[in-house]
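entry20.txt, holding compact mmCIF, C-alpha atoms:
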```
# COMPACT_ATOMS: atom_id res chain seq x y z
CA MET A 1 -18.43 24.55 -124.91
CA SER A 2 -21.85 23.42 -126.14
CA SER A 3 -23.89 25.73 -128.33
CA LYS A 4 -26.69 25.23 -125.80
CA SER A 5 -24.53 27.00 -123.22
CA LYS A 6 -24.79 30.16 -125.31
CA LEU A 7 -28.59 30.17 -124.97
CA THR A 8 -30.46 31.87 -122.15
CA TYR A 9 -32.00 29.83 -119.38
CA GLY A 10 -35.41 30.83 -120.68
CA ALA A 11 -34.65 29.52 -124.15
CA ARG A 12 -33.29 26.27 -122.76
CA ALA A 13 -36.35 25.87 -120.52
CA SER A 14 -38.69 26.26 -123.49
CA SER A 15 -37.12 23.44 -125.48
CA HIS A 16 -35.51 21.09 -122.95
CA PRO A 17 -36.69 17.45 -123.18
CA ASN A 18 -36.33 16.84 -119.42
CA PRO A 19 -39.21 18.25 -117.29
CA LEU A 20 -37.09 18.80 -114.18
CA ALA A 21 -34.41 20.59 -116.20
CA ARG A 22 -37.13 22.86 -117.57
CA LYS A 23 -38.24 23.66 -114.04
CA LEU A 24 -34.66 24.28 -112.95
CA PHE A 25 -34.02 26.77 -115.75
CA GLN A 26 -37.36 28.46 -115.08
CA VAL A 27 -36.40 28.94 -111.43
CA ALA A 28 -33.02 30.40 -112.41
CA GLU A 29 -34.61 32.78 -114.90
CA ALA A 30 -37.32 33.92 -112.49
CA LYS A 31 -34.91 34.56 -109.62
CA LYS A 32 -31.93 35.74 -111.67
CA SER A 33 -29.80 33.25 -109.78
CA ASN A 34 -27.65 30.27 -110.71
CA VAL A 35 -26.44 29.75 -107.15
CA THR A 36 -26.62 26.43 -105.36
CA VAL A 37 -25.75 26.73 -101.70
CA SER A 38 -24.15 23.67 -100.15
CA ALA A 39 -25.76 23.77 -96.71
CA ASP A 40 -23.37 21.54 -94.79
CA VAL A 41 -24.72 22.41 -91.37
CA THR A 42 -25.31 19.79 -88.70
CA THR A 43 -28.74 20.40 -87.16
CA THR A 44 -32.23 20.67 -88.59
CA LYS A 45 -32.65 24.07 -86.96
CA GLU A 46 -29.54 25.43 -88.68
CA LEU A 47 -30.57 23.95 -92.03
CA LEU A 48 -34.07 25.40 -91.96
CA GLU A 49 -32.91 28.79 -90.75
CA LEU A 50 -30.26 28.92 -93.49
CA ALA A 51 -32.74 27.81 -96.16
CA ASP A 52 -35.22 30.47 -95.08
CA ARG A 53 -32.65 33.27 -94.99
CA LEU A 54 -30.91 32.37 -98.24
CA GLY A 55 -33.97 31.09 -100.11
CA PRO A 56 -34.71 34.33 -101.99
CA TYR A 57 -31.22 34.40 -103.54
CA ILE A 58 -30.61 30.80 -104.60
CA ALA A 59 -31.89 28.43 -107.26
CA VAL A 60 -31.00 25.21 -105.43
CA ILE A 61 -30.12 24.12 -101.92
CA LYS A 62 -27.74 21.16 -101.68
CA THR A 63 -27.90 18.95 -98.61
CA HIS A 64 -25.88 16.17 -97.03
CA ILE A 65 -28.86 15.00 -95.05
CA ASP A 66 -27.00 12.15 -93.34
CA ILE A 67 -24.88 14.61 -91.33
CA LEU A 68 -27.98 15.72 -89.40
CA PRO A 69 -28.20 13.69 -86.17
CA ASP A 70 -31.75 14.99 -85.61
CA PHE A 71 -33.07 14.25 -89.12
CA GLY A 72 -36.78 13.45 -89.15
CA PRO A 73 -40.21 14.59 -90.35
CA GLU A 74 -39.53 18.14 -89.13
CA THR A 75 -36.52 18.27 -91.47
CA ILE A 76 -38.46 17.03 -94.50
CA ASN A 77 -41.60 19.07 -93.91
CA GLY A 78 -39.68 22.23 -93.09
CA LEU A 79 -37.34 22.02 -96.07
CA THR A 80 -40.03 21.22 -98.62
CA ALA A 81 -42.22 24.05 -97.28
CA LEU A 82 -39.34 26.51 -97.63
CA ALA A 83 -38.59 25.26 -101.15
CA GLU A 84 -42.17 26.08 -102.11
CA LYS A 85 -42.11 29.42 -100.26
CA HIS A 86 -38.90 30.64 -101.89
CA ASN A 87 -39.07 28.73 -105.21
CA PHE A 88 -35.87 26.69 -105.06
CA LEU A 89 -35.08 23.04 -105.77
CA ILE A 90 -33.58 20.54 -103.33
CA PHE A 91 -30.48 18.56 -104.28
CA GLU A 92 -29.46 15.75 -101.93
CA ASP A 93 -25.74 15.14 -102.45
CA ARG A 94 -25.92 11.47 -101.48
CA LYS A 95 -23.47 10.29 -104.17
CA PHE A 96 -25.02 6.87 -104.60
CA VAL A 97 -22.34 4.32 -105.45
CA ASP A 98 -23.44 0.69 -105.10
CA ILE A 99 -25.17 -2.10 -106.99
CA GLY A 100 -28.59 -1.33 -108.44
CA ASN A 101 -30.67 -3.29 -105.93
CA THR A 102 -29.02 -1.49 -103.01
CA VAL A 103 -29.30 2.05 -104.37
CA GLN A 104 -32.98 1.55 -105.13
CA LYS A 105 -33.56 0.82 -101.44
CA GLN A 106 -31.36 3.72 -100.34
CA TYR A 107 -33.18 6.15 -102.59
CA HIS A 108 -36.81 5.09 -102.31
CA GLY A 109 -37.57 4.32 -98.69
CA GLY A 110 -34.95 3.69 -96.05
CA ALA A 111 -34.21 5.91 -93.10
CA LEU A 112 -33.66 9.08 -95.14
CA ARG A 113 -36.70 8.81 -97.46
CA ILE A 114 -34.76 10.72 -100.11
CA SER A 115 -37.19 10.19 -102.99
CA GLU A 116 -39.94 11.93 -101.02
CA TRP A 117 -38.27 15.33 -100.80
CA ALA A 118 -35.18 15.63 -103.03
CA ASP A 119 -35.80 16.94 -106.54
CA ILE A 120 -32.23 16.12 -107.58
CA ILE A 121 -29.86 13.35 -106.53
CA ASN A 122 -26.45 12.30 -107.81
CA CYS A 123 -24.40 9.17 -108.25
CA ALA A 124 -20.91 8.02 -109.11
CA VAL A 125 -20.77 5.50 -111.93
CA LEU A 126 -18.01 3.32 -110.49
CA PRO A 127 -20.46 0.36 -110.27
CA GLY A 128 -21.23 0.67 -113.99
CA GLU A 129 -24.35 1.50 -115.96
CA GLY A 130 -26.57 -0.54 -113.64
CA ILE A 131 -26.61 2.16 -110.99
CA VAL A 132 -28.04 4.72 -113.42
CA GLN A 133 -30.54 2.22 -114.78
CA ALA A 134 -31.69 1.20 -111.30
CA LEU A 135 -32.26 4.74 -110.08
CA ALA A 136 -34.01 5.74 -113.31
CA GLU A 137 -36.33 2.72 -113.08
CA THR A 138 -37.20 3.55 -109.48
CA THR A 139 -38.88 6.79 -110.52
CA LYS A 140 -41.04 4.93 -113.04
CA ALA A 141 -42.43 2.44 -110.51
CA SER A 142 -46.14 2.44 -109.73
CA ASP A 143 -45.45 3.28 -106.06
CA PHE A 144 -43.43 6.38 -106.90
CA PRO A 145 -45.87 9.32 -106.60
CA HIS A 146 -43.34 12.06 -105.96
CA GLY A 147 -43.44 14.08 -109.18
CA ASP A 148 -40.52 15.02 -111.40
CA ARG A 149 -37.15 13.81 -110.21
CA GLY A 150 -33.72 13.94 -111.81
CA MET A 151 -30.12 12.95 -111.32
CA LEU A 152 -26.68 14.37 -111.91
CA ILE A 153 -23.75 12.06 -112.61
CA LEU A 154 -20.63 12.89 -110.65
CA ALA A 155 -18.33 13.05 -113.65
CA GLU A 156 -15.50 15.13 -112.16
CA MET A 157 -14.50 16.42 -108.74
CA THR A 158 -12.66 19.54 -107.61
CA SER A 159 -10.48 17.85 -104.99
CA LYS A 160 -6.75 17.58 -105.69
CA GLY A 161 -5.75 14.21 -107.13
CA SER A 162 -9.31 13.21 -108.06
CA LEU A 163 -9.51 9.96 -110.02
CA ALA A 164 -12.74 11.03 -111.73
CA THR A 165 -10.98 11.65 -115.05
CA GLY A 166 -10.39 10.02 -118.44
CA PRO A 167 -12.36 6.79 -119.03
CA TYR A 168 -14.46 7.37 -115.93
CA THR A 169 -15.62 10.76 -117.21
CA SER A 170 -16.22 9.35 -120.69
CA ALA A 171 -18.38 6.58 -119.20
CA SER A 172 -20.35 9.22 -117.31
CA VAL A 173 -21.20 10.90 -120.61
CA ASP A 174 -22.16 7.55 -122.17
CA TYR A 175 -24.60 6.71 -119.38
CA ALA A 176 -26.12 10.18 -119.34
CA ARG A 177 -26.95 9.86 -123.04
CA LYS A 178 -28.69 6.53 -122.44
CA TYR A 179 -31.02 7.91 -119.77
CA PRO A 180 -31.85 11.49 -120.83
CA ASN A 181 -35.30 11.50 -119.23
CA PHE A 182 -33.76 11.04 -115.79
CA VAL A 183 -30.17 12.29 -116.01
CA LEU A 184 -30.16 16.09 -116.01
CA GLY A 185 -26.43 16.36 -116.55
CA PHE A 186 -23.25 16.36 -114.55
CA VAL A 187 -21.38 17.57 -111.56
CA SER A 188 -18.19 18.56 -113.33
CA THR A 189 -15.60 21.29 -113.59
CA ARG A 190 -16.46 22.14 -117.21
CA SER A 191 -18.79 21.42 -120.09
CA LEU A 192 -18.44 17.77 -121.13
CA ASN A 193 -19.87 17.96 -124.61
CA GLU A 194 -16.41 17.62 -126.10
CA VAL A 195 -15.71 14.38 -124.18
CA PRO A 196 -15.70 11.39 -126.59
CA SER A 197 -18.72 9.13 -126.20
CA SER A 198 -19.66 5.82 -127.78
CA VAL A 199 -23.33 6.86 -127.62
CA SER A 200 -24.61 9.24 -130.27
CA ALA A 201 -25.87 12.60 -129.08
CA ALA A 202 -29.52 13.47 -129.63
CA GLU A 203 -30.31 16.57 -131.64
CA ASN A 204 -31.92 18.33 -128.67
CA GLU A 205 -29.33 17.18 -126.10
CA ASP A 206 -28.74 19.76 -123.39
CA PHE A 207 -27.01 18.46 -120.28
CA VAL A 208 -26.92 20.76 -117.27
CA VAL A 209 -23.56 21.38 -115.58
CA PHE A 210 -23.19 21.98 -111.85
CA THR A 211 -19.72 22.98 -110.69
CA THR A 212 -18.65 22.57 -107.08
CA GLY A 213 -15.86 24.33 -105.22
CA VAL A 214 -16.88 27.84 -106.23
CA ASN A 215 -15.50 30.52 -103.95
CA LEU A 216 -14.94 34.23 -104.43
CA SER A 217 -11.44 33.85 -103.02
CA SER A 218 -10.48 31.16 -105.58
CA LYS A 219 -7.99 29.51 -103.23
CA GLY A 220 -8.47 26.20 -101.47
CA ASP A 221 -8.33 24.42 -98.15
CA LYS A 222 -5.89 22.17 -96.30
CA LEU A 223 -7.76 19.00 -97.33
CA GLY A 224 -7.21 19.28 -101.07
CA GLN A 225 -10.24 21.31 -102.13
CA GLN A 226 -9.51 23.54 -105.12
CA TYR A 227 -11.76 26.51 -105.78
CA GLN A 228 -12.93 28.37 -108.86
CA THR A 229 -14.49 31.82 -108.97
CA PRO A 230 -18.05 32.21 -110.32
CA GLN A 231 -16.61 33.80 -113.46
CA SER A 232 -14.12 31.02 -114.17
CA ALA A 233 -16.63 28.25 -113.45
CA ILE A 234 -19.34 29.68 -115.69
CA GLY A 235 -16.77 30.56 -118.33
CA ARG A 236 -15.83 26.87 -118.50
CA GLY A 237 -19.42 25.76 -118.94
CA ALA A 238 -21.06 25.67 -115.51
CA ASP A 239 -24.77 26.41 -115.59
CA PHE A 240 -25.09 26.36 -111.81
CA ILE A 241 -22.36 27.18 -109.30
CA ILE A 242 -22.15 25.41 -105.95
CA ALA A 243 -20.79 27.39 -103.01
CA GLY A 244 -20.58 26.12 -99.46
CA ARG A 245 -18.33 27.62 -96.84
CA GLY A 246 -17.97 30.77 -98.92
CA ILE A 247 -21.60 31.46 -98.02
CA TYR A 248 -22.78 29.63 -94.91
CA ALA A 249 -19.56 30.09 -92.92
CA CYS A 250 -19.50 33.86 -93.48
CA ALA A 251 -20.35 36.32 -90.73
CA ASP A 252 -23.25 37.48 -92.93
CA PRO A 253 -24.41 34.55 -95.09
CA VAL A 254 -27.21 36.59 -96.67
CA GLU A 255 -24.83 39.26 -97.92
CA ALA A 256 -22.48 36.54 -99.18
CA ALA A 257 -25.32 34.83 -101.04
CA LYS A 258 -26.22 38.14 -102.68
CA GLN A 259 -22.64 38.55 -103.86
CA TYR A 260 -22.55 35.07 -105.37
CA GLN A 261 -25.94 35.67 -106.97
CA GLN A 262 -24.77 38.91 -108.55
CA GLN A 263 -21.41 37.59 -109.77
CA GLY A 264 -22.88 34.32 -111.00
CA TRP A 265 -25.64 36.10 -112.89
CA GLU A 266 -23.29 38.64 -114.45
CA ALA A 267 -20.99 35.82 -115.59
CA TYR A 268 -23.96 34.00 -117.13
CA LEU A 269 -25.14 37.16 -118.93
CA ALA A 270 -21.65 37.66 -120.32
CA ARG A 271 -21.58 34.08 -121.59
CA VAL A 272 -24.91 34.31 -123.40
CA GLY A 273 -24.26 37.86 -124.61
CA ALA A 274 -27.24 39.38 -122.82
CA SER A 275 -27.65 42.54 -120.74
CA GLN A 276 -29.23 43.02 -117.34
```

So, in terms of structure tokens, how does the structure I just supplied come out?
Amino acid sequence: MSSKSKLTYGARASSHPNPLARKLFQVAEAKKSNVTVSADVTTTKELLELADRLGPYIAVIKTHIDILPDFGPETINGLTALAEKHNFLIFEDRKFVDIGNTVQKQYHGGALRISEWADIINCAVLPGEGIVQALAETTKASDFPHGDRGMLILAEMTSKGSLATGPYTSASVDYARKYPNFVLGFVSTRSLNEVPSSVSAAENEDFVVFTTGVNLSSKGDKLGQQYQTPQSAIGRGADFIIAGRGIYACADPVEAAKQYQQQGWEAYLARVGASQ
């Protein structure tokens, strides 16, 4: 595990070279939450209601915006207003995976207008380095007035039999190191600082780790999903835990979010050797 992982969020925010990562750590510190809720609901009404109810207890809301048949301005305006109201970031889990010219159009413009409202996006690096370069360059264009934006590279997945391993994961680390001003870090099951890379690490390197498939039950589902508990995920290097059905599918999602917030925060405090 990286030595950076032993530092508090506040300490990492004060020295991090990436402005969106600084904001992310500041949000986590202020709210005492490292929870990302994966809001995989299927109407704008459900999404906005969930974001409003859970907003006080989360650091990030993760969307799959293309599963909303009624997506439109109401979705964008409502979600961004709630993000400001409750001080959380928005992560659109689009998993871009195409040639550079195509992903630029998918990200900036297009039907979903992702660059307008999503603080964080992610991509798979199957197409090669060009996809990271293209998305990074998009945010530097003169017609990109949307503030700080960042990306996570999908370096590993929690589904059984995932092929995101070995050389693929190593390439993810390589590309992240080439674009540190845009790439925040990784979606992965662990810290990746020990993964061999052909690109030298910068002295102040501090990649953020989001881990999916976090569930208090630590079991799985019938479609190959494999869960970790908040304690095991953060113990392996996760900075932010992503929970979906373990929160939004509960009879009381607010109470569930509080439980994840408490367990995730306690696991983080234990890792950095701090007290409440």

Next on the checklist: List the spatial neighbours of range 102-115 of chain A as a VMD selection string - criterion: any atom at most 12 Å away, all atoms listed in the file, same-chain residues fewer than 4 positions off excluded.
Outcome noted: chain A and resid 63 to 73 75 to 77 80 90 to 98 119 to 125 127 130 to 141 143 to 151

Checklist entry - Distance CA of Val173 in chain A-CA of Ser197 in chain A, one decimal place? => result 6.4 Å

Item to check | Residue neighbourhood Tyr168 in chain A, 9 Å, only C-alpha atoms, exclusion window fewer than 6 positions, as a PyMOL selection string | outcome: chain A and resi 125-126+155-156

Next on the checklist: I'd like the contact shell of Thr212 in chain A - 10 Å cut-off, only C-alpha atoms, skipping same-chain residues fewer than 5 positions apart - returned as a list in words.
Outcome noted: Thr36, Val37, Ser38, Glu156, Met157, Thr158, Ser159, Val187, Ser188, Thr189, Gln225, Gln226, Tyr227, Gln228, Ala233, Ala238, Phe240, Ile241, Ile242, Ala243 and Gly244 of chain A

Checklist entry - Near Val199 in chain A, within 9 Å and counting all atoms listed in the file, which residues show up once chain neighbours fewer than 3 positions away are dropped, as a ChimeraX atom specification? => result /A:173-175,177-178,196

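Across the model, the gap from CA of Tyr268 in chain A to CA of Gly55 in chain A is 20.0 Å.
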
Next on the checklist: Taking all atoms listed in the file into account, name the residue in A:Ala81, A:Val41, A:Val209, A:Leu50 that is nearest to Phe25 in chain A.
Outcome noted: A:Val209

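The nearest approach to Val60 in chain A among the residues A:Leu82, A:Leu24, A:Ala11, A:Leu47, with only C-alpha atoms taken into account, belongs to A:Leu24.
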
Could you write range 14-25 of chain A as a compact mmCIF listing (two decimals), in the frame of the given file, with all heavy atoms rebuilt where they are missing?
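And here is the file that came out, rebuild.txt:
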```
# COMPACT_ATOMS: atom_id res chain seq x y z
N SER A 14 -37.58 26.40 -122.54
CA SER A 14 -38.69 26.26 -123.49
C SER A 14 -38.55 25.03 -124.38
O SER A 14 -39.55 24.53 -124.91
CB SER A 14 -38.80 27.51 -124.36
OG SER A 14 -37.68 27.63 -125.22
N SER A 15 -37.32 24.54 -124.53
CA SER A 15 -37.12 23.44 -125.48
C SER A 15 -36.50 22.20 -124.86
O SER A 15 -36.26 21.21 -125.56
CB SER A 15 -36.21 23.92 -126.62
OG SER A 15 -34.94 24.32 -126.12
N HIS A 16 -36.23 22.21 -123.56
CA HIS A 16 -35.51 21.09 -122.95
C HIS A 16 -36.40 19.85 -122.87
O HIS A 16 -37.58 19.94 -122.48
CB HIS A 16 -35.01 21.47 -121.56
CG HIS A 16 -33.81 20.68 -121.15
ND1 HIS A 16 -33.88 19.34 -120.79
CD2 HIS A 16 -32.50 21.01 -121.05
CE1 HIS A 16 -32.67 18.90 -120.50
NE2 HIS A 16 -31.81 19.89 -120.65
N PRO A 17 -35.87 18.66 -123.20
CA PRO A 17 -36.69 17.45 -123.18
C PRO A 17 -36.96 16.91 -121.77
O PRO A 17 -37.87 16.09 -121.59
CB PRO A 17 -35.84 16.44 -123.98
CG PRO A 17 -34.43 16.92 -123.80
CD PRO A 17 -34.52 18.41 -123.75
N ASN A 18 -36.18 17.36 -120.77
CA ASN A 18 -36.33 16.84 -119.42
C ASN A 18 -37.17 17.80 -118.58
O ASN A 18 -36.83 18.97 -118.43
CB ASN A 18 -34.93 16.67 -118.80
CG ASN A 18 -34.98 16.00 -117.43
OD1 ASN A 18 -35.58 16.52 -116.51
ND2 ASN A 18 -34.32 14.85 -117.31
N PRO A 19 -38.30 17.33 -118.01
CA PRO A 19 -39.21 18.25 -117.29
C PRO A 19 -38.59 18.90 -116.07
O PRO A 19 -38.88 20.07 -115.77
CB PRO A 19 -40.39 17.36 -116.90
CG PRO A 19 -39.90 15.95 -117.02
CD PRO A 19 -38.85 15.97 -118.09
N LEU A 20 -37.71 18.19 -115.35
CA LEU A 20 -37.09 18.80 -114.18
C LEU A 20 -36.06 19.84 -114.59
O LEU A 20 -35.91 20.88 -113.94
CB LEU A 20 -36.45 17.74 -113.28
CG LEU A 20 -35.95 18.27 -111.93
CD1 LEU A 20 -37.09 18.87 -111.12
CD2 LEU A 20 -35.24 17.17 -111.14
N ALA A 21 -35.34 19.59 -115.68
CA ALA A 21 -34.41 20.59 -116.20
C ALA A 21 -35.16 21.85 -116.61
O ALA A 21 -34.68 22.96 -116.38
CB ALA A 21 -33.62 20.02 -117.38
N ARG A 22 -36.33 21.68 -117.21
CA ARG A 22 -37.13 22.86 -117.57
C ARG A 22 -37.48 23.66 -116.32
O ARG A 22 -37.37 24.90 -116.31
CB ARG A 22 -38.41 22.42 -118.30
CG ARG A 22 -38.18 21.85 -119.69
CD ARG A 22 -39.46 21.82 -120.51
NE ARG A 22 -40.48 20.93 -119.96
CZ ARG A 22 -40.61 19.64 -120.27
NH1 ARG A 22 -39.76 19.08 -121.12
NH2 ARG A 22 -41.58 18.92 -119.75
N LYS A 23 -37.90 22.97 -115.29
CA LYS A 23 -38.24 23.66 -114.04
C LYS A 23 -37.02 24.37 -113.46
O LYS A 23 -37.12 25.51 -112.98
CB LYS A 23 -38.81 22.66 -113.04
CG LYS A 23 -39.25 23.29 -111.73
CD LYS A 23 -39.88 22.27 -110.81
CE LYS A 23 -40.33 22.91 -109.49
NZ LYS A 23 -40.95 21.91 -108.58
N LEU A 24 -35.89 23.71 -113.50
CA LEU A 24 -34.66 24.28 -112.95
C LEU A 24 -34.29 25.57 -113.67
O LEU A 24 -33.97 26.59 -113.03
CB LEU A 24 -33.53 23.25 -113.09
CG LEU A 24 -32.14 23.63 -112.62
CD1 LEU A 24 -32.13 23.96 -111.14
CD2 LEU A 24 -31.16 22.48 -112.93
N PHE A 25 -34.34 25.56 -114.99
CA PHE A 25 -34.02 26.77 -115.75
C PHE A 25 -35.06 27.86 -115.52
O PHE A 25 -34.72 29.05 -115.49
CB PHE A 25 -33.91 26.45 -117.24
CG PHE A 25 -32.64 25.75 -117.62
CD1 PHE A 25 -32.67 24.58 -118.38
CD2 PHE A 25 -31.41 26.25 -117.24
CE1 PHE A 25 -31.50 23.94 -118.74
CE2 PHE A 25 -30.23 25.62 -117.60
CZ PHE A 25 -30.27 24.45 -118.35
```
